[in-house]
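**Q** Quick one, start21.txt (compact mmCIF, C-alpha atoms):
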# COMPACT_ATOMS: atom_id res chain seq x y z
CA MET A 126 -127.40 38.09 0.72
CA ASP A 127 -126.21 34.54 1.36
CA ASN A 128 -122.45 34.37 0.98
CA ARG A 129 -122.33 30.69 0.01
CA SER A 130 -124.84 31.24 -2.79
CA GLU A 131 -122.95 34.30 -3.99
CA VAL A 132 -119.66 32.38 -4.09
CA ARG A 133 -121.21 29.37 -5.83
CA GLU A 134 -122.98 31.39 -8.49
CA PHE A 135 -120.02 33.69 -9.13
CA LEU A 136 -117.50 30.87 -9.57
CA THR A 137 -119.90 28.84 -11.69
CA SER A 138 -120.62 31.80 -13.96
CA ARG A 139 -116.90 32.60 -14.40
CA ARG A 140 -116.05 28.97 -15.14
CA ALA A 141 -118.74 28.88 -17.82
CA LYS A 142 -117.17 31.88 -19.58
CA ILE A 143 -113.78 30.23 -20.21
CA THR A 144 -113.48 27.85 -23.15
CA PRO A 145 -110.87 25.06 -23.16
CA GLN A 146 -109.13 26.82 -26.04
CA GLN A 147 -108.85 30.03 -24.03
CA ALA A 148 -107.36 28.04 -21.16
CA GLY A 149 -104.89 26.27 -23.45
CA LEU A 150 -106.58 22.89 -23.04
CA SER A 151 -107.81 20.34 -25.52
CA ALA A 152 -111.52 20.49 -26.37
CA ALA A 153 -111.62 16.95 -27.73
CA GLY A 154 -114.46 14.66 -26.73
CA HIS A 155 -118.05 15.28 -25.72
CA ARG A 156 -118.49 18.07 -23.18
CA ARG A 157 -121.67 18.28 -21.14
CA VAL A 158 -120.83 21.61 -19.47
CA LYS A 159 -120.44 25.09 -20.84
CA GLY A 160 -116.91 26.33 -20.40
CA LEU A 161 -114.40 24.50 -18.24
CA ARG A 162 -115.00 21.42 -16.11
CA ARG A 163 -114.39 21.66 -12.38
CA GLU A 164 -111.39 19.35 -12.55
CA GLU A 165 -109.87 21.51 -15.30
CA VAL A 166 -110.15 24.62 -13.14
CA ALA A 167 -108.62 22.71 -10.24
CA MET A 168 -105.69 21.60 -12.39
CA LEU A 169 -105.09 25.15 -13.69
CA ALA A 170 -105.28 26.57 -10.15
CA GLY A 171 -102.94 23.91 -8.74
CA VAL A 172 -105.41 22.49 -6.21
CA SER A 173 -107.16 19.16 -5.91
CA ALA A 174 -110.48 18.60 -7.63
CA GLU A 175 -112.09 17.98 -4.24
CA TYR A 176 -110.74 21.26 -2.85
CA TYR A 177 -112.00 23.28 -5.80
CA ALA A 178 -115.39 21.55 -5.67
CA ARG A 179 -115.68 22.61 -2.02
CA MET A 180 -114.88 26.21 -2.97
CA GLU A 181 -117.42 26.20 -5.78
CA ARG A 182 -120.05 24.87 -3.40
CA GLY A 183 -119.63 28.17 -1.59
CA SER A 184 -116.99 27.45 1.03
CA LEU A 185 -114.20 30.04 0.84
CA SER A 186 -113.66 30.35 4.59
CA GLY A 187 -109.98 30.02 5.42
CA THR A 188 -108.83 30.02 1.79
CA SER A 189 -105.43 31.66 1.52
CA GLU A 190 -104.83 34.66 -0.72
CA ALA A 191 -102.27 32.62 -2.68
CA VAL A 192 -104.92 30.03 -3.56
CA LEU A 193 -107.38 32.78 -4.45
CA ASP A 194 -104.77 34.38 -6.72
CA SER A 195 -104.19 31.03 -8.43
CA LEU A 196 -107.93 30.58 -8.86
CA ALA A 197 -108.25 34.09 -10.29
CA ARG A 198 -105.56 33.30 -12.86
CA ALA A 199 -107.16 29.98 -13.76
CA LEU A 200 -110.52 31.67 -14.34
CA GLN A 201 -108.83 34.61 -16.12
CA LEU A 202 -110.54 37.11 -13.85
CA ASP A 203 -110.05 40.79 -14.55
CA GLU A 204 -109.17 43.33 -11.85
CA SER A 205 -112.76 43.92 -10.73
CA GLU A 206 -113.60 40.19 -10.70
CA ARG A 207 -110.49 39.35 -8.68
CA ALA A 208 -111.35 42.07 -6.16
CA HIS A 209 -114.90 40.71 -5.92
CA LEU A 210 -113.58 37.19 -5.25
CA LEU A 211 -111.40 38.54 -2.43
CA ASP A 212 -114.40 40.41 -1.01
CA LEU A 213 -116.46 37.22 -1.00
CA ALA A 214 -113.64 35.31 0.68
CA ARG A 215 -113.23 38.01 3.33
CA THR A 216 -116.94 37.87 4.14
CA ALA A 217 -116.83 34.07 4.33
CA SER A 218 -113.97 34.24 6.81
CA THR A 219 -115.58 36.72 9.21
CA THR A 220 -118.27 36.19 11.79
CA ARG A 221 -121.66 36.83 10.27
CA ARG A 222 -123.01 40.21 11.32
CA PRO A 223 -126.68 41.16 11.33
CA VAL A 224 -127.93 43.10 8.33
CA ARG A 225 -127.84 46.73 9.44
CA ARG A 226 -129.56 49.90 8.36
CA ARG A 227 -127.21 52.79 7.84
CA THR A 228 -127.81 56.41 8.70
CA ALA A 229 -127.63 58.95 5.90
CA GLN A 230 -124.07 59.80 4.97
CA PRO A 231 -123.56 63.57 5.39
CA ILE A 232 -121.45 65.40 2.85
CA ARG A 233 -118.72 67.46 4.45
CA PRO A 234 -118.88 71.21 3.71
CA GLY A 235 -115.43 71.03 2.15
CA LEU A 236 -116.62 68.51 -0.42
CA GLN A 237 -119.61 70.66 -1.35
CA GLN A 238 -117.32 73.65 -1.67
CA LEU A 239 -115.10 71.62 -4.00
CA LEU A 240 -118.11 70.73 -6.14
CA ASP A 241 -119.29 74.34 -6.24
CA ALA A 242 -115.85 75.50 -7.36
CA MET A 243 -116.13 73.29 -10.48
CA THR A 244 -118.19 75.75 -12.50
CA ASP A 245 -117.40 74.45 -16.00
CA ALA A 246 -117.87 70.73 -15.41
CA PRO A 247 -120.92 68.79 -14.18
CA ALA A 248 -119.91 67.00 -10.99
CA PHE A 249 -121.59 64.98 -8.26
CA ILE A 250 -120.83 62.72 -5.32
CA ARG A 251 -122.45 59.29 -5.01
CA ASN A 252 -122.23 56.37 -2.66
CA GLY A 253 -121.87 52.68 -3.49
CA ARG A 254 -125.65 52.30 -3.72
CA LEU A 255 -125.59 54.86 -6.58
CA ASP A 256 -127.45 57.51 -4.60
CA ILE A 257 -126.55 61.03 -5.76
CA LEU A 258 -125.73 62.78 -2.48
CA ALA A 259 -124.46 66.15 -3.70
CA THR A 260 -123.94 68.03 -6.95
CA ASN A 261 -122.70 71.33 -8.27
CA GLN A 262 -125.13 73.48 -10.25
CA LEU A 263 -124.10 72.12 -13.65
CA GLY A 264 -124.32 68.56 -12.33
CA LYS A 265 -127.85 69.22 -11.08
CA ALA A 266 -128.72 70.69 -14.49
CA LEU A 267 -127.29 67.72 -16.37
CA TYR A 268 -129.07 65.15 -14.20
CA TRP A 269 -132.25 67.23 -14.00
CA PRO A 270 -134.51 64.34 -15.20
CA LEU A 271 -133.40 62.19 -12.24
CA PHE A 272 -134.36 64.91 -9.78
CA GLN A 273 -137.88 65.01 -11.20
CA ASP A 274 -138.48 61.45 -10.03
CA PRO A 275 -140.29 61.73 -6.67
CA ALA A 276 -138.38 58.83 -5.10
CA ARG A 277 -135.70 59.86 -2.63
CA PRO A 278 -132.80 59.64 -2.33
CA VAL A 279 -132.10 60.31 -6.00
CA ASN A 280 -130.73 57.01 -7.25
CA MET A 281 -129.17 56.34 -10.64
CA ALA A 282 -130.01 52.63 -10.78
CA ARG A 283 -133.64 53.13 -9.79
CA TYR A 284 -134.06 55.76 -12.50
CA GLN A 285 -132.39 53.63 -15.19
CA PHE A 286 -134.44 50.51 -14.49
CA LEU A 287 -137.79 51.83 -13.28
CA ASN A 288 -138.40 55.26 -14.81
CA PRO A 289 -140.24 55.00 -18.15
CA ASN A 290 -138.50 58.14 -19.43
CA ALA A 291 -134.98 56.80 -18.91
CA ALA A 292 -134.56 55.63 -22.52
CA GLU A 293 -135.31 59.13 -23.81
CA TYR A 294 -132.68 60.72 -21.58
CA MET A 295 -129.97 58.03 -21.69
CA THR A 296 -129.30 57.16 -25.31
CA GLU A 297 -127.25 54.07 -24.38
CA LEU A 298 -129.58 52.81 -21.68
CA ASP A 299 -128.66 49.13 -22.05
CA THR A 300 -124.99 49.97 -21.45
CA GLN A 301 -125.85 52.20 -18.50
CA ARG A 302 -128.04 49.51 -16.97
CA ALA A 303 -125.34 46.85 -17.32
CA SER A 304 -122.86 49.17 -15.64
CA ALA A 305 -125.24 49.97 -12.79
CA ALA A 306 -126.02 46.30 -12.10
CA ALA A 307 -122.31 45.44 -12.12
CA LEU A 308 -121.51 48.31 -9.75
CA LEU A 309 -124.25 47.22 -7.35
CA ARG A 310 -122.98 43.61 -7.49
CA THR A 311 -119.48 44.89 -6.68
CA GLU A 312 -120.81 46.94 -3.77
CA ALA A 313 -122.78 43.97 -2.46
CA GLY A 314 -119.55 41.98 -2.30
CA GLN A 315 -117.82 44.75 -0.37
CA ASP A 316 -120.70 45.54 1.99
CA PRO A 317 -122.99 42.49 2.20
CA TYR A 318 -124.74 43.58 5.41
CA ASN A 319 -125.98 46.96 4.17
CA ARG A 320 -129.77 47.00 4.60
CA GLU A 321 -130.35 49.95 2.25
CA LEU A 322 -128.37 48.23 -0.49
CA SER A 323 -130.29 44.98 -0.01
CA ASP A 324 -133.58 46.88 -0.08
CA LEU A 325 -132.66 48.57 -3.38
CA ILE A 326 -131.60 45.29 -4.97
CA GLY A 327 -134.86 43.71 -3.83
CA GLU A 328 -136.89 46.62 -5.23
CA LEU A 329 -135.17 46.45 -8.61
CA SER A 330 -135.37 42.65 -8.73
CA THR A 331 -139.11 42.58 -8.14
CA GLN A 332 -139.96 45.41 -10.55
CA SER A 333 -137.51 45.08 -13.44
CA GLU A 334 -136.98 42.03 -15.62
CA ALA A 335 -133.95 43.75 -17.17
CA PHE A 336 -132.35 44.08 -13.74
CA ARG A 337 -133.10 40.46 -12.83
CA SER A 338 -131.37 39.28 -16.00
CA LEU A 339 -128.29 41.45 -15.44
CA TRP A 340 -128.10 40.59 -11.74
CA ALA A 341 -128.15 36.87 -12.55
CA ALA A 342 -125.07 37.31 -14.77
CA HIS A 343 -122.93 38.10 -11.67
CA ASN A 344 -120.86 40.64 -13.57
CA VAL A 345 -118.82 43.14 -11.56
CA ARG A 346 -116.79 46.16 -12.54
CA LEU A 347 -114.71 49.08 -11.36
CA HIS A 348 -116.00 52.36 -12.72
CA HIS A 349 -113.18 54.89 -13.11
CA THR A 350 -113.35 56.51 -16.54
CA GLY A 351 -115.35 56.38 -19.75
CA ILE A 352 -117.95 58.13 -21.89
CA LYS A 353 -121.56 58.99 -21.05
CA ARG A 354 -124.16 60.00 -23.62
CA PHE A 355 -127.34 61.90 -22.87
CA ARG A 356 -130.30 63.39 -24.71
CA HIS A 357 -131.12 66.24 -22.38
CA PRO A 358 -134.66 67.66 -22.65
CA ALA A 359 -133.32 71.23 -22.68
CA VAL A 360 -130.22 71.09 -24.89
CA GLY A 361 -130.38 67.83 -26.84
CA ASP A 362 -127.56 65.32 -27.37
CA LEU A 363 -124.46 65.44 -25.16
CA THR A 364 -121.36 63.23 -25.21
CA LEU A 365 -119.17 63.71 -22.16
CA ALA A 366 -116.07 62.02 -20.78
CA PHE A 367 -116.12 61.20 -17.07
CA GLU A 368 -113.63 60.47 -14.32
CA ALA A 369 -114.84 58.74 -11.15
CA LEU A 370 -112.55 59.32 -8.18
CA PRO A 371 -112.95 57.53 -4.83
CA ILE A 372 -112.65 59.96 -1.90
CA PRO A 373 -110.04 58.49 0.49
CA THR A 374 -111.15 60.59 3.46
CA ASP A 375 -114.78 59.47 3.05
CA PRO A 376 -114.73 55.71 2.33
CA GLY A 377 -117.55 54.60 0.08
CA LEU A 378 -118.02 57.98 -1.60
CA VAL A 379 -117.05 58.68 -5.21
CA LEU A 380 -116.70 62.06 -6.91
CA THR A 381 -117.58 61.98 -10.60
CA ALA A 382 -116.79 64.87 -12.94
CA LEU A 383 -117.79 65.07 -16.60
CA SER A 384 -116.05 67.18 -19.21
CA THR A 385 -115.60 67.87 -22.89
CA GLY A 386 -113.04 69.58 -25.05
CA THR A 387 -113.39 73.28 -25.80
CA SER A 388 -114.81 74.42 -29.13
CA THR A 389 -116.98 71.31 -29.41
CA PRO A 390 -120.76 70.98 -29.72
CA ALA A 391 -120.89 69.40 -26.25
CA HIS A 392 -118.97 72.34 -24.78
CA ASP A 393 -121.46 74.76 -26.33
CA SER A 394 -124.32 72.63 -24.98
CA LEU A 395 -122.93 72.84 -21.46
CA LYS A 396 -122.90 76.62 -21.73
CA LEU A 397 -126.53 76.52 -22.88
CA LEU A 398 -127.31 74.16 -20.01
CA THR A 399 -125.86 76.64 -17.53
CA ALA A 400 -128.00 79.42 -19.00
CA TRP A 401 -131.11 77.21 -18.94
CA PHE A 402 -130.57 76.19 -15.34
CA ALA A 403 -130.32 79.84 -14.32
CA THR A 404 -133.92 80.33 -15.49
CA LEU A 405 -135.28 77.79 -13.00
CA ASP A 406 -136.56 78.62 -9.55
CA HIS A 407 -134.17 77.67 -6.75
CA THR A 408 -134.53 77.86 -3.00
CA ASN A 409 -132.14 78.83 -0.20
CA GLY A 410 -129.45 79.79 -2.67
CA ARG A 411 -128.89 76.17 -3.68
CA PRO A 412 -130.58 74.35 -6.56
CA ASP A 413 -133.28 71.98 -5.39
CA LEU A 414 -135.82 71.56 -8.13
CA ALA A 415 -139.47 71.35 -7.12
CA GLN A 416 -141.27 68.22 -8.21
CA ASP A 417 -143.95 70.13 -10.13
CA GLU A 418 -141.53 72.44 -11.91
CA GLN A 419 -142.28 72.70 -15.60
CA LEU A 420 -139.49 72.31 -18.12
CA PRO A 421 -138.94 75.46 -20.18
CA PRO A 422 -138.92 75.08 -23.96
CA LYS A 423 -135.80 73.47 -25.36
CA ILE A 424 -133.07 76.02 -25.89
CA GLY A 425 -132.18 76.65 -29.48
CA ARG A 426 -128.70 77.44 -30.73
CA SER A 427 -128.07 80.84 -32.26
CA PRO A 428 -127.14 80.80 -35.94
CA VAL A 429 -123.39 80.88 -36.48
Show how you would write the structure in this file as structure tokens.
**A**
Amino acid sequence: MDNRSEVREFLTSRRAKITPQQAGLSAAGHRRVKGLRREEVAMLAGVSAEYYARMERGSLSGTSEAVLDSLARALQLDESERAHLLDLARTASTTRRPVRRRTAQPIRPGLQQLLDAMTDAPAFIRNGRLDILATNQLGKALYWPLFQDPARPVNMARYQFLNPNAAEYMTELDTQRASAAALLRTEAGQDPYNRELSDLIGELSTQSEAFRSLWAAHNVRLHHTGIKRFRHPAVGDLTLAFEALPIPTDPGLVLTALSTGTSTPAHDSLKLLTAWFATLDHTNGRPDLAQDEQLPPKIGRSPV
């Protein structure tokens, strides 16, 4: 992706989101632009109008962190947006490297053992491209619909935007899609020369109007905690809290674990999900669902 275009479109989109009232400025007079004018951002950031105009044209090379911090405050950027701005500036200030194709990222045995030890919580490890690289058994059971998609590697964004069954499985699909697009935009800022990432973004852009619209918004986010809702084909509705933890020893990898309180319907559903998953055929002692595997009838709850 072209760094100058990314910088220009990101700064323009953030400037358009801030009203004069939000910035503490007067909104009197006719305004031809949405949000703040360039000279208003420059004034708030403490730089000249010419200097800010150069930055917004895509030139961040050599910009000091102090100026970037001032610009982030002027545009009222949140933590993820500020980090994205710094990523763009870092890329602008380094020698352009050729787009490279990465080899598959192996999962260390210790990480798989950690996943397998989490028997009561669905858990998986993903990379910045949103590929699911490893799961425990309950994680594989929870994300079973994704593993039925023949495309490999299993990718959360591809499923959400391109699989026609996604809306049945993810009850808040619009929210999930917005999150996925923002996470991919964040990753693109951190790793702009990743060929696999660029290929995925190109695939989604050409095949999904929803992705194109979200990608054009230039939203970014950090994804640490929240709620996920599912309508699983075997056990029905599930509402689970999640924690996403970056793995310091394996940069770029994130471990996500989902959980629920005890004595809740979701907790009972996870137990049913474990029982259902045990009925499926597995190979080599580790779950790896065959593409033509038929889904057993939905499990019913026993009368209380």
**Q** Which residue is closest to A:Arg140? Choose from A:Arg215, A:Lys353, A:Arg163, A:His343 and count all atoms listed in the file.
**A** A:Arg163
**Q** Determine the nearest neighbour of A:Gly264 from the options A:Ala359, A:Ala303, A:Ala174, A:Leu395, counting only C-alpha atoms.
**A**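 Smallest distance to A:Gly264 is found for A:Leu395.
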**Q** Could you work out how far atom CA of A:Leu213 lies from atom CA of A:Asn128, giving the answer in Å with one decimal?
**A**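 Atom CA of A:Leu213 lies 6.9 Å from atom CA of A:Asn128.
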**Q** Report, in Å with one decimal, the straight-line distance from atom CA of A:Val166 to atom CA of A:Thr216.
**A**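 Straight-line distance from atom CA of A:Val166 to atom CA of A:Thr216 works out to 22.8 Å.
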**Q** Please indicate the distance in Å from atom CA of A:Ala242 to atom CA of A:Ala366, rounded to one decimal place.
**A** 19.0 Å
**Q** Using all atoms listed in the file, determine which residues lie at most 12 Å from A:Met168, disregarding the query and same-chain residues fewer than 5 positions distant; provide the list as a list in words.
**A**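 Contacts, with the query itself left out: Ala148, Leu150, Leu161, Arg162, Arg163, Ser173, Ala174, Glu175, Tyr176, Tyr177, Ala178, Ser195, Leu196, Arg198, Ala199 and Leu200 of chain A.
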**Q** Using all atoms listed in the file, determine which residues lie at most 12 Å from stretch 324-332 of chain A, disregarding the query and same-chain residues fewer than 6 positions distant; provide the list as a ChimeraX atom specification.
**A** /A:126,224-227,253-256,276-278,280-288,302,305-310,312-313,317-318,338-341
**Q** Nearest residue to A:Leu240 out of A:Leu258, A:Asn252, A:Asp203, A:Trp401, using only C-alpha atoms?
**A** A:Leu258
**Q** Using only C-alpha atoms, which residue out of A:Pro358, A:Val158, A:Pro371, A:Arg233 lies closest to A:Lys142?
**A** A:Val158
**Q** With a distance cut-off of 12 Å and all atoms listed in the file, select the neighbouring residues of A:Ala153, excluding the residue or stretch itself and same-chain residues fewer than 4 positions from it, and output the selection as a ChimeraX atom specification.
**A** /A:144-146
**Q** Hey, what's within 9 Å of A:Arg182 if we count all atoms listed in the file and toss same-chain stuff fewer than 5 positions away? As an MDAnalysis selection string, please?
**A** chainID A and resid 129:130 132:134 136 177
**Q** Measuring between all atoms listed in the file, which one of A:Ser189, A:Thr385, A:Ser205, A:Thr260 shows the shortest distance to A:His349?
**A**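 Looking only at the distances to A:His349, the closest residue turns out to be A:Ser205.
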**Q** Could you please give me, as a list in words, the residues of protein, DNA or RNA lying at most 7 Å from (-129.7, 59.7, -21.8) in the coordinate frame of the file, considering only C-alpha atoms?
**A**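 Output of the proximity query reads Ala291, Ala292, Glu293, Tyr294, Met295, Thr296, Glu297, Leu298, Arg354, Phe355, Arg356 and His357 of chain A.
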**Q** Hey, what's within 12 Å of A:Gly351 if we count all atoms listed in the file and toss same-chain stuff fewer than 5 positions away? As a ChimeraX atom specification, please?
**A** /A:300-301,304,364-369,381-385
**Q** Which one of A:Leu363, A:Ile143, A:Leu185, A:Ala167 sits closest to A:Leu210 if you count only C-alpha atoms?
**A**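 Closest candidate: A:Leu185.
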